[in-house]
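One file, my_file_32.txt, is given below (compact mmCIF, C-alpha atoms).
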```txt
# COMPACT_ATOMS: atom_id res chain seq x y z
CA MET A 5 1.83 -10.89 -16.13
CA LEU A 6 0.44 -8.04 -18.28
CA GLY A 7 -3.06 -8.60 -16.90
CA LEU A 8 -1.86 -8.41 -13.30
CA LEU A 9 0.04 -5.21 -14.05
CA LEU A 10 -2.98 -3.58 -15.73
CA TYR A 11 -5.46 -4.60 -13.00
CA THR A 12 -3.09 -3.25 -10.35
CA LEU A 13 -2.55 -0.02 -12.26
CA ASN A 14 -6.29 0.45 -12.73
CA LEU A 15 -6.85 -0.11 -9.02
CA LEU A 16 -4.17 2.37 -7.96
CA ILE A 17 -5.28 5.07 -10.41
CA SER A 18 -8.97 4.68 -9.54
CA PHE A 19 -8.42 4.78 -5.78
CA THR A 20 -6.08 7.76 -6.07
CA LEU A 21 -8.61 9.68 -8.16
CA VAL A 22 -11.32 8.94 -5.60
CA LEU A 23 -9.21 10.43 -2.82
CA ILE A 24 -8.45 13.50 -4.97
CA ILE A 25 -12.10 14.05 -5.96
CA LEU A 26 -13.51 13.53 -2.46
CA PRO A 27 -12.84 17.03 -1.01
CA PHE A 28 -14.37 18.71 -4.07
CA SER A 29 -17.42 16.41 -3.98
CA LEU A 30 -18.42 17.89 -0.63
CA MET A 31 -18.94 21.30 -2.25
CA LEU A 32 -19.47 20.80 -5.99
CA PRO A 33 -22.35 18.64 -7.36
CA PRO A 34 -20.43 17.74 -10.57
CA ALA A 35 -17.56 16.40 -8.46
CA LYS A 36 -20.00 14.36 -6.38
CA ARG A 37 -21.49 12.82 -9.54
CA LEU A 38 -17.98 12.02 -10.74
CA LEU A 39 -17.18 10.36 -7.42
CA LEU A 40 -20.29 8.19 -7.68
CA ALA A 41 -19.35 7.24 -11.26
CA MET A 42 -15.84 6.05 -10.37
CA PRO A 43 -16.73 2.44 -9.40
CA ARG A 44 -18.47 1.90 -12.74
CA ALA A 45 -15.52 3.43 -14.61
CA TRP A 46 -13.16 1.08 -12.71
CA THR A 47 -15.36 -1.86 -13.73
CA GLN A 48 -15.46 -0.83 -17.39
CA VAL A 49 -11.66 -0.62 -17.51
CA ASN A 50 -11.45 -4.07 -15.91
CA ARG A 51 -13.76 -5.40 -18.63
CA LEU A 52 -11.48 -3.94 -21.27
CA ILE A 53 -8.40 -5.49 -19.63
CA LEU A 54 -10.14 -8.87 -19.57
CA GLN A 55 -10.94 -8.62 -23.28
CA LEU A 56 -7.46 -7.45 -24.29
CA THR A 57 -5.36 -9.86 -22.22
CA THR A 58 -7.35 -13.12 -22.14
CA LYS A 59 -9.95 -15.16 -23.99
CA THR A 60 -11.97 -15.64 -20.81
CA GLN A 61 -15.73 -15.33 -21.31
CA LEU A 62 -18.21 -14.46 -18.56
CA ASN A 63 -21.30 -16.60 -19.00
CA LEU A 64 -24.04 -14.67 -17.21
CA GLN A 65 -27.46 -16.06 -16.34
CA LEU A 66 -29.46 -13.12 -15.00
CA PRO A 67 -33.11 -12.62 -14.05
CA GLU A 68 -35.11 -10.08 -15.99
CA GLY A 69 -36.14 -6.75 -14.55
CA LEU A 70 -33.02 -5.81 -12.58
CA SER A 71 -33.02 -2.09 -11.81
CA THR A 72 -30.65 0.60 -10.57
CA LYS A 73 -33.65 2.17 -8.80
CA LYS A 74 -34.31 -0.69 -6.37
CA TYR A 75 -32.75 -2.03 -3.18
CA TYR A 76 -31.19 -5.51 -3.22
CA LEU A 77 -29.58 -7.94 -0.84
CA VAL A 78 -26.88 -9.87 -2.74
CA THR A 79 -24.99 -12.94 -1.62
CA ALA A 80 -22.48 -15.21 -3.35
CA ASN A 81 -20.11 -18.07 -2.73
CA HIS A 82 -16.52 -16.94 -2.18
CA GLN A 83 -13.40 -18.62 -3.60
CA THR A 84 -10.88 -15.96 -4.62
CA TRP A 85 -10.31 -12.20 -4.86
CA THR A 86 -11.33 -12.61 -8.51
CA ASP A 87 -14.91 -12.87 -7.21
CA ILE A 88 -14.89 -9.11 -6.61
CA ILE A 89 -14.08 -8.31 -10.24
CA VAL A 90 -16.57 -10.91 -11.48
CA LEU A 91 -19.37 -9.52 -9.30
CA PHE A 92 -18.76 -5.93 -10.38
CA ASN A 93 -18.69 -7.07 -14.02
CA THR A 94 -21.98 -8.91 -13.47
CA PHE A 95 -23.96 -6.21 -11.72
CA SER A 96 -22.42 -2.84 -12.69
CA GLY A 97 -25.02 -0.76 -14.50
CA ARG A 98 -27.75 -3.31 -13.75
CA ILE A 99 -28.31 -2.67 -10.02
CA PRO A 100 -27.03 0.02 -7.60
CA LEU A 101 -23.39 -0.05 -6.50
CA LEU A 102 -22.46 -3.20 -4.59
CA LYS A 103 -21.45 -2.35 -1.02
CA PHE A 104 -19.55 -5.24 0.51
CA PHE A 105 -19.46 -6.23 4.16
CA LEU A 106 -15.69 -6.31 4.77
CA LYS A 107 -13.36 -7.57 7.46
CA GLN A 108 -12.20 -4.83 9.81
CA GLN A 109 -8.54 -5.52 8.91
CA LEU A 110 -9.13 -4.24 5.36
CA ARG A 111 -9.82 -0.75 6.72
CA TRP A 112 -6.05 -0.26 7.11
CA VAL A 113 -5.00 -1.42 3.64
CA PRO A 114 -3.62 1.69 1.85
CA LEU A 115 -6.05 3.22 -0.69
CA VAL A 116 -8.37 0.18 -0.59
CA GLY A 117 -9.52 0.71 2.99
CA GLN A 118 -9.98 4.44 2.63
CA THR A 119 -11.90 4.11 -0.64
CA CYS A 120 -14.27 1.47 0.77
CA TRP A 121 -14.89 3.73 3.76
CA ILE A 122 -15.71 6.67 1.45
CA TYR A 123 -18.35 4.59 -0.36
CA GLY A 124 -19.90 3.48 2.92
CA PHE A 125 -18.85 -0.17 3.00
CA PRO A 126 -19.48 -1.60 6.50
CA PHE A 127 -16.47 -3.15 8.26
CA LEU A 128 -17.07 -6.17 10.51
CA TYR A 129 -14.90 -7.50 13.32
CA ARG A 130 -15.80 -11.17 12.75
CA LYS A 131 -14.43 -12.98 15.81
CA GLY A 132 -15.41 -12.13 19.36
CA SER A 133 -17.13 -8.85 18.49
CA THR A 134 -20.72 -9.77 17.68
CA GLN A 135 -22.21 -6.64 19.24
CA ARG A 136 -19.79 -4.39 17.36
CA ASP A 137 -20.68 -6.17 14.11
CA ILE A 138 -24.39 -5.67 14.80
CA ALA A 139 -23.82 -1.98 15.51
CA SER A 140 -21.74 -1.62 12.32
CA THR A 141 -24.43 -3.35 10.27
CA ARG A 142 -27.19 -1.17 11.70
CA LYS A 143 -25.20 2.03 11.09
CA ALA A 144 -24.47 1.05 7.48
CA CYS A 145 -28.11 0.18 6.84
CA GLU A 146 -29.25 3.57 8.12
CA ARG A 147 -27.07 5.19 5.44
CA PHE A 148 -28.38 2.81 2.76
CA LYS A 149 -31.99 3.82 3.46
CA LYS A 150 -31.40 7.24 1.91
CA ASP A 151 -30.73 5.98 -1.63
CA PRO A 152 -31.27 2.69 -3.52
CA GLY A 153 -28.42 0.32 -2.82
CA SER A 154 -27.13 -3.24 -3.02
CA LEU A 155 -25.90 -4.86 0.18
CA MET A 156 -23.34 -7.53 -0.74
CA ILE A 157 -22.60 -10.26 1.81
CA PHE A 158 -20.34 -13.28 1.37
CA ALA A 159 -22.45 -15.44 3.66
CA GLU A 160 -19.71 -18.05 4.09
CA GLY A 161 -17.59 -15.38 5.78
CA THR A 162 -14.33 -16.56 4.22
CA ARG A 163 -12.90 -17.93 0.99
CA PHE A 164 -13.43 -21.60 0.20
CA THR A 165 -10.50 -23.99 0.58
CA PRO A 166 -10.55 -27.79 0.77
CA GLN A 167 -9.07 -27.59 4.28
CA LYS A 168 -11.78 -25.22 5.55
CA HIS A 169 -14.41 -27.41 3.91
CA LYS A 170 -13.04 -30.46 5.72
CA THR A 171 -12.66 -28.69 9.07
CA GLN A 172 -16.24 -27.41 8.92
CA ARG A 173 -17.60 -30.81 7.88
CA SER A 174 -19.70 -28.84 5.44
CA PRO A 175 -22.80 -30.71 4.21
CA TYR A 176 -22.30 -29.11 0.78
CA LYS A 177 -19.98 -30.59 -1.81
CA HIS A 178 -18.66 -27.30 -3.23
CA LEU A 179 -19.49 -24.72 -0.55
CA LEU A 180 -18.76 -23.76 3.04
CA LYS A 181 -21.55 -23.35 5.58
CA PRO A 182 -23.38 -19.99 5.29
CA LYS A 183 -23.72 -17.65 8.25
CA ALA A 184 -27.17 -16.18 8.61
CA GLY A 185 -26.69 -13.41 11.20
CA GLY A 186 -25.46 -10.56 9.00
CA MET A 187 -28.14 -11.07 6.36
CA ALA A 188 -30.96 -11.34 8.90
CA ILE A 189 -29.89 -8.20 10.76
CA ALA A 190 -29.55 -6.29 7.48
CA LEU A 191 -33.11 -7.28 6.56
CA GLU A 192 -34.39 -6.19 9.96
CA CYS A 193 -32.66 -2.83 9.70
CA MET A 194 -33.77 -2.11 6.14
CA GLY A 195 -37.40 -2.96 6.81
CA ASP A 196 -39.51 -3.24 3.66
CA LYS A 197 -37.01 -1.38 1.47
CA ILE A 198 -35.31 -4.67 0.50
CA ASN A 199 -37.68 -7.27 -0.92
CA THR A 200 -35.31 -9.23 -3.15
CA LEU A 201 -32.33 -11.50 -2.58
CA LEU A 202 -30.01 -11.99 -5.55
CA ASP A 203 -28.41 -15.35 -4.85
CA THR A 204 -25.27 -15.48 -6.99
CA THR A 205 -23.25 -18.58 -7.79
CA ILE A 206 -19.77 -18.17 -9.31
CA ILE A 207 -18.38 -21.26 -11.02
CA TYR A 208 -14.79 -21.46 -12.23
CA PRO A 209 -13.53 -24.31 -14.45
CA GLU A 210 -11.33 -27.11 -13.13
CA VAL A 211 -8.25 -24.86 -12.87
CA LYS A 212 -7.70 -23.71 -9.27
CA PRO A 213 -9.60 -20.41 -8.72
CA THR A 214 -6.90 -17.86 -7.97
CA PHE A 215 -6.42 -14.25 -9.05
CA TRP A 216 -3.11 -15.18 -10.67
CA ASN A 217 -4.78 -17.83 -12.85
CA PHE A 218 -7.46 -15.28 -13.75
CA CYS A 219 -4.83 -12.74 -14.83
CA ARG A 220 -3.06 -15.40 -16.92
CA GLY A 221 -6.27 -16.25 -18.77
CA LYS A 222 -6.41 -19.83 -17.54
CA TYR A 223 -10.20 -19.80 -17.59
CA GLN A 224 -12.01 -20.20 -20.90
CA LYS A 225 -15.33 -19.49 -19.20
CA ILE A 226 -16.52 -18.29 -15.81
CA SER A 227 -20.20 -18.95 -15.17
CA VAL A 228 -22.31 -16.63 -13.00
CA ILE A 229 -25.82 -17.77 -12.13
CA VAL A 230 -28.10 -15.26 -10.41
CA ARG A 231 -31.40 -16.31 -8.84
CA GLU A 232 -33.97 -13.74 -7.73
CA ILE A 233 -35.56 -14.84 -4.44
CA PRO A 234 -38.45 -12.87 -2.85
CA LEU A 235 -37.85 -11.84 0.76
CA THR A 236 -41.27 -12.23 2.35
CA LYS A 237 -42.33 -10.82 5.71
CA GLU A 238 -41.87 -14.28 7.25
CA LEU A 239 -38.14 -13.92 6.65
CA ARG A 240 -37.90 -10.82 8.85
CA GLY A 241 -37.61 -10.77 12.60
CA ASP A 242 -35.40 -10.20 15.62
CA TYR A 243 -32.43 -12.47 14.95
CA GLU A 244 -30.78 -11.59 18.27
CA LYS A 245 -33.70 -12.38 20.59
CA ASP A 246 -36.20 -14.55 18.72
CA LEU A 247 -34.82 -18.10 18.73
CA ASN A 248 -37.63 -19.46 16.56
CA TYR A 249 -37.01 -16.81 13.91
CA ARG A 250 -33.27 -17.43 14.07
CA LYS A 251 -33.82 -21.12 13.39
CA GLN A 252 -36.27 -20.35 10.58
CA PHE A 253 -33.89 -17.94 8.84
CA GLN A 254 -30.98 -20.36 9.17
CA GLN A 255 -33.10 -23.07 7.56
CA PHE A 256 -34.02 -20.70 4.74
CA LEU A 257 -30.37 -19.85 4.04
CA ASN A 258 -29.31 -23.50 4.26
CA GLN A 259 -31.93 -24.31 1.63
CA VAL A 260 -30.61 -21.51 -0.61
CA TRP A 261 -27.11 -22.96 -0.23
CA ALA A 262 -28.28 -26.51 -0.98
CA GLN A 263 -29.83 -25.29 -4.24
CA LYS A 264 -26.68 -23.29 -5.02
CA ASP A 265 -24.56 -26.41 -4.54
CA GLU A 266 -26.55 -28.18 -7.27
CA HIS A 267 -25.28 -25.72 -9.92
CA PHE A 268 -21.75 -27.14 -9.83
```
Mind turning the file's structure into structure tokens?
Amino acid sequence: MLGLLLYTLNLLISFTLVLIILPFSLMLPPAKRLLLAMPRAWTQVNRLILQLTTKTQLNLQLPEGLSTKKYYLVTANHQTWTDIIVLFNTFSGRIPLLKFFLKQQLRWVPLVGQTCWIYGFPFLYRKGSTQRDIASTRKACERFKKDPGSLMIFAEGTRFTPQKHKTQRSPYKHLLKPKAGGMAIALECMGDKINTLLDTTIIYPEVKPTFWNFCRGKYQKISVIVREIPLTKELRGDYEKDLNYRKQFQQFLNQVWAQKDEHF
């Protein structure tokens, strides 16, 4: 219960400070630097909460040479809201700020939606709005071109549940089917600025992966395995119009997911 209270308090304080600092950041360089530092400060406090309230250890397997000066495309399997905290703990200070592709509905969540908008997170409509999603992705990528960044996409599009796994008839034992469109369009928009995919696999122990179980310290260890995959020119093309490229990119992502499934 203490962990949940502290994580919630950290979230509320951090988001409130962001909204307070924002107007000053438009005029004062020190305020802008402070605004950009807030996500890392939020992550560091979360690390402290994890250490003080649980015995949970993050077992990180990371490639060498990660840099805050490069562009990255990041993807991960998705099981619980805890994934967000785990991913920030994994990458904060190692690569540029993760900018998640989020569902449009989250735009209206108090503090959360406004803060994500401030940091340039793209919001997607998901169902029945493919063209709007493409336009949102392109607009976000144009902003990302100005400074090094990390585009974070949950390729499965939703959190894993046994029921979703069954309904999808997923060929993977521990994963849902990945969706290739968002990643392919992001690569097209970013051109040669992004040359690396960080394929991230988050593995929780046998206890059901929920944020409540995370706050209660039910996990002795959470494993995070990051693979660095080169994004060659063959993996870039017009996903909307080129059917051969679309098939090729889908096969590539399915292979990434098959290898990810073997980690469990």
So, counting all atoms listed in the file, which residue among A:Phe253, A:Trp112, A:Trp46, A:Tyr123 is closest to Phe92 of chain A? A:Trp46
Compile the contact shell of segment 214-220 of chain A as a PyMOL selection string: residues with an atom at most 12 Å away, counting all atoms listed in the file, same-chain residues fewer than 3 positions apart removed. chain A and resi 5-12+50+53-62+82-90+163-165+208-211+223-226
Please dump the current selection as an mmCIF file, in the frame of the given file; keep C-alpha atoms.
```cif
data_model
loop_
_atom_site.group_PDB
_atom_site.id
_atom_site.type_symbol
_atom_site.label_atom_id
_atom_site.label_comp_id
_atom_site.auth_asym_id
_atom_site.auth_seq_id
_atom_site.Cartn_x
_atom_site.Cartn_y
_atom_site.Cartn_z
ATOM 1 C CA MET A 5 1.830 -10.890 -16.130
ATOM 2 C CA LEU A 6 0.440 -8.040 -18.280
ATOM 3 C CA GLY A 7 -3.060 -8.600 -16.900
ATOM 4 C CA LEU A 8 -1.860 -8.410 -13.300
ATOM 5 C CA LEU A 9 0.040 -5.210 -14.050
ATOM 6 C CA LEU A 10 -2.980 -3.580 -15.730
ATOM 7 C CA TYR A 11 -5.460 -4.600 -13.000
ATOM 8 C CA THR A 12 -3.090 -3.250 -10.350
ATOM 9 C CA ASN A 50 -11.450 -4.070 -15.910
ATOM 10 C CA ILE A 53 -8.400 -5.490 -19.630
ATOM 11 C CA LEU A 54 -10.140 -8.870 -19.570
ATOM 12 C CA GLN A 55 -10.940 -8.620 -23.280
ATOM 13 C CA LEU A 56 -7.460 -7.450 -24.290
ATOM 14 C CA THR A 57 -5.360 -9.860 -22.220
ATOM 15 C CA THR A 58 -7.350 -13.120 -22.140
ATOM 16 C CA LYS A 59 -9.950 -15.160 -23.990
ATOM 17 C CA THR A 60 -11.970 -15.640 -20.810
ATOM 18 C CA GLN A 61 -15.730 -15.330 -21.310
ATOM 19 C CA LEU A 62 -18.210 -14.460 -18.560
ATOM 20 C CA HIS A 82 -16.520 -16.940 -2.180
ATOM 21 C CA GLN A 83 -13.400 -18.620 -3.600
ATOM 22 C CA THR A 84 -10.880 -15.960 -4.620
ATOM 23 C CA TRP A 85 -10.310 -12.200 -4.860
ATOM 24 C CA THR A 86 -11.330 -12.610 -8.510
ATOM 25 C CA ASP A 87 -14.910 -12.870 -7.210
ATOM 26 C CA ILE A 88 -14.890 -9.110 -6.610
ATOM 27 C CA ILE A 89 -14.080 -8.310 -10.240
ATOM 28 C CA VAL A 90 -16.570 -10.910 -11.480
ATOM 29 C CA ARG A 163 -12.900 -17.930 0.990
ATOM 30 C CA PHE A 164 -13.430 -21.600 0.200
ATOM 31 C CA THR A 165 -10.500 -23.990 0.580
ATOM 32 C CA TYR A 208 -14.790 -21.460 -12.230
ATOM 33 C CA PRO A 209 -13.530 -24.310 -14.450
ATOM 34 C CA GLU A 210 -11.330 -27.110 -13.130
ATOM 35 C CA VAL A 211 -8.250 -24.860 -12.870
ATOM 36 C CA TYR A 223 -10.200 -19.800 -17.590
ATOM 37 C CA GLN A 224 -12.010 -20.200 -20.900
ATOM 38 C CA LYS A 225 -15.330 -19.490 -19.200
ATOM 39 C CA ILE A 226 -16.520 -18.290 -15.810
#
```
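The space separating atom CA of Lys170 of chain A from atom CA of Ala184 of chain A comes to 20.3 Å.
If all atoms listed in the file are the atoms counted, then among A:Ser227, A:Asn258, A:Ser71, A:Thr200 the closest residue to Leu91 of chain A is A:Ser227.
Using all atoms listed in the file for every distance, the candidate list A:Leu179, A:Ile24, A:Leu39, A:Met187 yields A:Met187 as the residue closest to Arg250 of chain A.
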How many Å separate atom CA of Ser18 of chain A from atom CA of Lys103 of chain A? 16.7 Å
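Distance annotation: of A:Ser96, A:Gln109, A:Asn199, A:Gln254, the residue with the minimal separation from Thr72 of chain A is A:Ser96; atom set is all atoms listed in the file.
From atom CA of Pro166 of chain A back to atom CA of Leu66 of chain A, the distance works out to 28.7 Å.
The residue that comes closest to Pro67 of chain A, out of A:Arg98, A:Arg240, A:Arg173, A:Lys251 and on the basis of only C-alpha atoms, is A:Arg98.
Comparing A:Lys245, A:Lys150, A:Val49, A:Gly221 by their smallest distance to Leu15 of chain A, the closest is A:Val49 (using only C-alpha atoms).
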Residue list as JSON, numbers by chain for point (-29.6, -3.8, 12.1), cut-off 6 Å, only C-alpha atoms: {"A": [141, 142, 189, 190, 192, 193]}
